[in-house]
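Notes to accompany the following structure.
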Amino acid sequence: MHGSSNVNLKCMSFSAKCCLVFEQATKAYHATDRVDATVHNPYEVKSMEFYLYLKNWIDAVLWHLEDMIRNPAIDPVEVVAIIRRIDKSNQDRTDLVELIDSFFFDQYKHVKLLPGATINTETPAWAVDRLSTLILKIYHMRQELDRPEATSEHRIKCQKKLDVLLEQKNDLCMALDQLLVDINAGRKYMKVYNISR
């Protein structure tokens with residue numbers, strides 16, 4: 001890592017590493033809060049952390065593009081441009097998920113499968129995709145909770161929603177780490193589908 005953090009990522013569970021990197025990217029995006037802001041990815045190019053940071057940045061941009069298009073006062077010409085950009089960002093997101101899965105597939109390709117090994121309903125990278133979005137939801141819910149003009153009733157509602165999101169985060173992190181343990185042990189396996197376009 002080229003950034004200033006002294007956290008040793010190698011000693012963390014994979015899900016904890018994801019959360020840390022996603023939170024860094026989310027905070028960095030919202031420092032400017034502009035969909036056209038330049039990405040200053042602090043991680044080594046082509047490292048897993050580099051791709052995780054980029055993944056969350058893409059998700060943050062998508063989140064805000066979708067916010068923009070929901071504005072009833074938006075110019076119809078601008079709508080078309082934003083829709084095209086959303087489509088492109090969604091493709092970038094999917095390509096990045098597939099790239100992250102290729103990391104895992106390569107890492108575990110020599111694992112000997114146990115009798116009765118099963119496939120999971122989603123790959124590790126699609127769980128990572130959900131975790132990235134969840135980190136963004138948590139960030140925005142905290143923003144909503146901390147708004148100075150928010151009523152006490154609104155804060156109570158936001159706190160309840162935040163508690164649920166944090167529970168989801170914990171459950172998803174545990175499930176992701178367990179999936180990787182099971183793949184490494186040969187109890188689960190990954191499958192890659194090659195579909196010619």
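To be explicit about the labels: the chains of the structure tokens are called A, B, and onward in the order shown, and within each one the residues are counted from 1, while ligands get numbers from 1 in the order they are shown.
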
* **Sel. of alpha helix (DSSP H) residues, range 73-164 of chain A, as a PyMOL selection string** => chain A and resi 76-108+124-145+152-164

Just the residues within 8 Å of range 117-132 of chain A, please, counting only C-alpha atoms, with nothing from its chain fewer than 4 positions along; format it as an mmCIF file with N, CA and C atoms, in the first residue's frame.
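Writing done, so here's result23.cif:
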data_model
loop_
_atom_site.group_PDB
_atom_site.id
_atom_site.type_symbol
_atom_site.label_atom_id
_atom_site.label_comp_id
_atom_site.auth_asym_id
_atom_site.auth_seq_id
_atom_site.Cartn_x
_atom_site.Cartn_y
_atom_site.Cartn_z
ATOM 1 N N CYS A 18 -11.674 -6.140 3.134
ATOM 2 C CA CYS A 18 -12.645 -5.521 2.224
ATOM 3 C C CYS A 18 -13.295 -4.306 2.873
ATOM 4 N N CYS A 19 -13.762 -4.478 4.101
ATOM 5 C CA CYS A 19 -14.451 -3.374 4.788
ATOM 6 C C CYS A 19 -13.534 -2.170 4.949
ATOM 7 N N PHE A 22 -13.003 -0.600 1.466
ATOM 8 C CA PHE A 22 -14.248 0.015 1.011
ATOM 9 C C PHE A 22 -14.535 1.306 1.782
ATOM 10 N N LYS A 55 -13.393 -1.015 -7.013
ATOM 11 C CA LYS A 55 -14.752 -1.569 -6.985
ATOM 12 C C LYS A 55 -15.692 -0.645 -6.209
ATOM 13 N N ASN A 56 -15.270 -0.244 -5.016
ATOM 14 C CA ASN A 56 -16.127 0.608 -4.202
ATOM 15 C C ASN A 56 -16.293 1.988 -4.822
ATOM 16 N N ASP A 59 -18.886 1.762 -7.398
ATOM 17 C CA ASP A 59 -20.197 1.654 -6.750
ATOM 18 C C ASP A 59 -20.667 3.008 -6.224
ATOM 19 N N VAL A 97 -15.911 -7.526 -10.914
ATOM 20 C CA VAL A 97 -16.312 -8.692 -10.112
ATOM 21 C C VAL A 97 -15.717 -9.956 -10.726
ATOM 22 N N GLU A 98 -15.806 -10.090 -12.037
ATOM 23 C CA GLU A 98 -15.252 -11.269 -12.704
ATOM 24 C C GLU A 98 -13.737 -11.336 -12.544
ATOM 25 N N ILE A 100 -12.022 -10.117 -9.947
ATOM 26 C CA ILE A 100 -11.767 -10.527 -8.562
ATOM 27 C C ILE A 100 -12.008 -12.027 -8.410
ATOM 28 N N ASP A 101 -13.057 -12.545 -9.046
ATOM 29 C CA ASP A 101 -13.300 -13.992 -8.987
ATOM 30 C C ASP A 101 -12.172 -14.780 -9.643
ATOM 31 N N PHE A 104 -9.563 -15.422 -7.098
ATOM 32 C CA PHE A 104 -9.921 -16.532 -6.204
ATOM 33 C C PHE A 104 -9.792 -17.876 -6.923
ATOM 34 N N LEU A 113 -10.787 -31.436 -4.076
ATOM 35 C CA LEU A 113 -12.166 -31.416 -3.588
ATOM 36 C C LEU A 113 -12.460 -32.646 -2.746
ATOM 37 N N LEU A 136 -21.524 1.389 1.495
ATOM 38 C CA LEU A 136 -22.076 2.669 1.026
ATOM 39 C C LEU A 136 -23.403 2.989 1.720
ATOM 40 N N LYS A 169 -24.027 -6.458 7.656
ATOM 41 C CA LYS A 169 -22.591 -6.419 7.370
ATOM 42 C C LYS A 169 -21.860 -7.533 8.115
ATOM 43 N N LEU A 172 -22.780 -10.920 6.572
ATOM 44 C CA LEU A 172 -22.179 -11.103 5.252
ATOM 45 C C LEU A 172 -20.676 -11.344 5.361
ATOM 46 N N CYS A 173 -20.016 -10.620 6.262
ATOM 47 C CA CYS A 173 -18.575 -10.825 6.471
ATOM 48 C C CYS A 173 -18.291 -12.249 6.937
ATOM 49 N N LEU A 176 -18.875 -14.657 3.998
ATOM 50 C CA LEU A 176 -17.817 -14.568 2.999
ATOM 51 C C LEU A 176 -16.551 -15.278 3.474
ATOM 52 N N LEU A 179 -17.093 -18.994 3.451
ATOM 53 C CA LEU A 179 -17.062 -19.522 2.082
ATOM 54 C C LEU A 179 -15.625 -19.742 1.627
ATOM 55 N N LEU A 180 -14.747 -18.784 1.901
ATOM 56 C CA LEU A 180 -13.347 -18.918 1.501
ATOM 57 C C LEU A 180 -12.661 -20.066 2.252
ATOM 58 N N GLY A 186 -11.801 -27.557 0.394
ATOM 59 C CA GLY A 186 -12.343 -28.503 -0.575
ATOM 60 C C GLY A 186 -13.792 -28.879 -0.336
ATOM 61 N N ARG A 187 -14.461 -28.195 0.607
ATOM 62 C CA ARG A 187 -15.875 -28.481 0.872
ATOM 63 C C ARG A 187 -16.794 -27.771 -0.122
ATOM 64 N N LYS A 188 -16.318 -26.654 -0.657
ATOM 65 C CA LYS A 188 -17.042 -25.901 -1.688
ATOM 66 C C LYS A 188 -16.094 -25.712 -2.864
ATOM 67 N N TYR A 189 -16.646 -25.440 -4.006
ATOM 68 C CA TYR A 189 -15.783 -25.159 -5.152
ATOM 69 C C TYR A 189 -16.369 -24.053 -6.002
ATOM 70 N N MET A 190 -15.477 -23.401 -6.728
ATOM 71 C CA MET A 190 -15.879 -22.331 -7.639
ATOM 72 C C MET A 190 -15.988 -22.886 -9.046
ATOM 73 N N LYS A 191 -16.860 -22.297 -9.802
ATOM 74 C CA LYS A 191 -17.032 -22.699 -11.192
ATOM 75 C C LYS A 191 -17.085 -21.434 -12.035
#

* Gln24 in chain A: which residues within 10 Å, counting only C-alpha atoms, same-chain residues fewer than 4 positions away excluded, as a ChimeraX atom specification? -> /A:5,18-20,28-29,41-42,53,56-57

* To do: Provide the CA of Asp87 in chain A to CA of Leu162 in chain A distance in Å, to one decimal place.
  => 29.2 Å

* Structure fact -> Nearest to Arg93 in chain A, restricted to only C-alpha atoms and choosing among A:Met68, A:Ile138, A:Ala73, A:Val61, comes out as A:Val61

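Once Arg70 in chain A and its same-chain neighbours fewer than 6 positions away are set aside, Trp63, His64, Pro76, Glu78, Val79, Ile82 and Ile83 of chain A remain within 12 Å of it when counting only C-alpha atoms.
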
* How would you write, as number ranges by chain, the set of residues in chain A that DSSP gives as strand (DSSP E)? -> A: 118-119, 188-189

Export N, CA and C atoms of the chosen residues as a short mmCIF file (atom, residue, chain, number, x, y, z; two decimals), in the first residue's frame?
data_model
loop_
_atom_site.label_atom_id
_atom_site.label_comp_id
_atom_site.auth_asym_id
_atom_site.auth_seq_id
_atom_site.Cartn_x
_atom_site.Cartn_y
_atom_site.Cartn_z
N THR A 118 -19.70 -29.09 -2.73
CA THR A 118 -20.82 -28.44 -3.40
C THR A 118 -20.41 -27.05 -3.90
N ILE A 119 -21.21 -26.56 -4.82
CA ILE A 119 -21.00 -25.21 -5.34
C ILE A 119 -21.86 -24.24 -4.52
N LYS A 188 -16.32 -26.65 -0.66
CA LYS A 188 -17.04 -25.90 -1.69
C LYS A 188 -16.09 -25.71 -2.86
N TYR A 189 -16.65 -25.44 -4.01
CA TYR A 189 -15.78 -25.16 -5.15
C TYR A 189 -16.37 -24.05 -6.00
#

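Of the residues under consideration (A:Gln91, A:Leu96, A:Leu65, A:Thr26), A:Leu96 shows the shortest atom-to-atom contact distance to Lys46 in chain A when counting only C-alpha atoms.
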
* May I have the residues within 12 Å of His140 in chain A as a list in words, using only C-alpha atoms and disregarding those fewer than 6 positions away in the same chain? =>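 Residues meeting the cut-off are Glu23, Thr26, Lys27, His30, Ala60, Trp63, His64, Thr133, Leu134, Asp146, Arg147, Cys158, Gln159, Lys161, Leu162 and Leu165 of chain A.
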
* Structure fact -> note - CA of Leu52 in chain A and CA of Val21 in chain A are separated by 6.6 Å

* **Coordinates-based distance that separates CA of Asp92 in chain A from CA of Leu9 in chain A (Å, one decimal)** => 25.4 Å
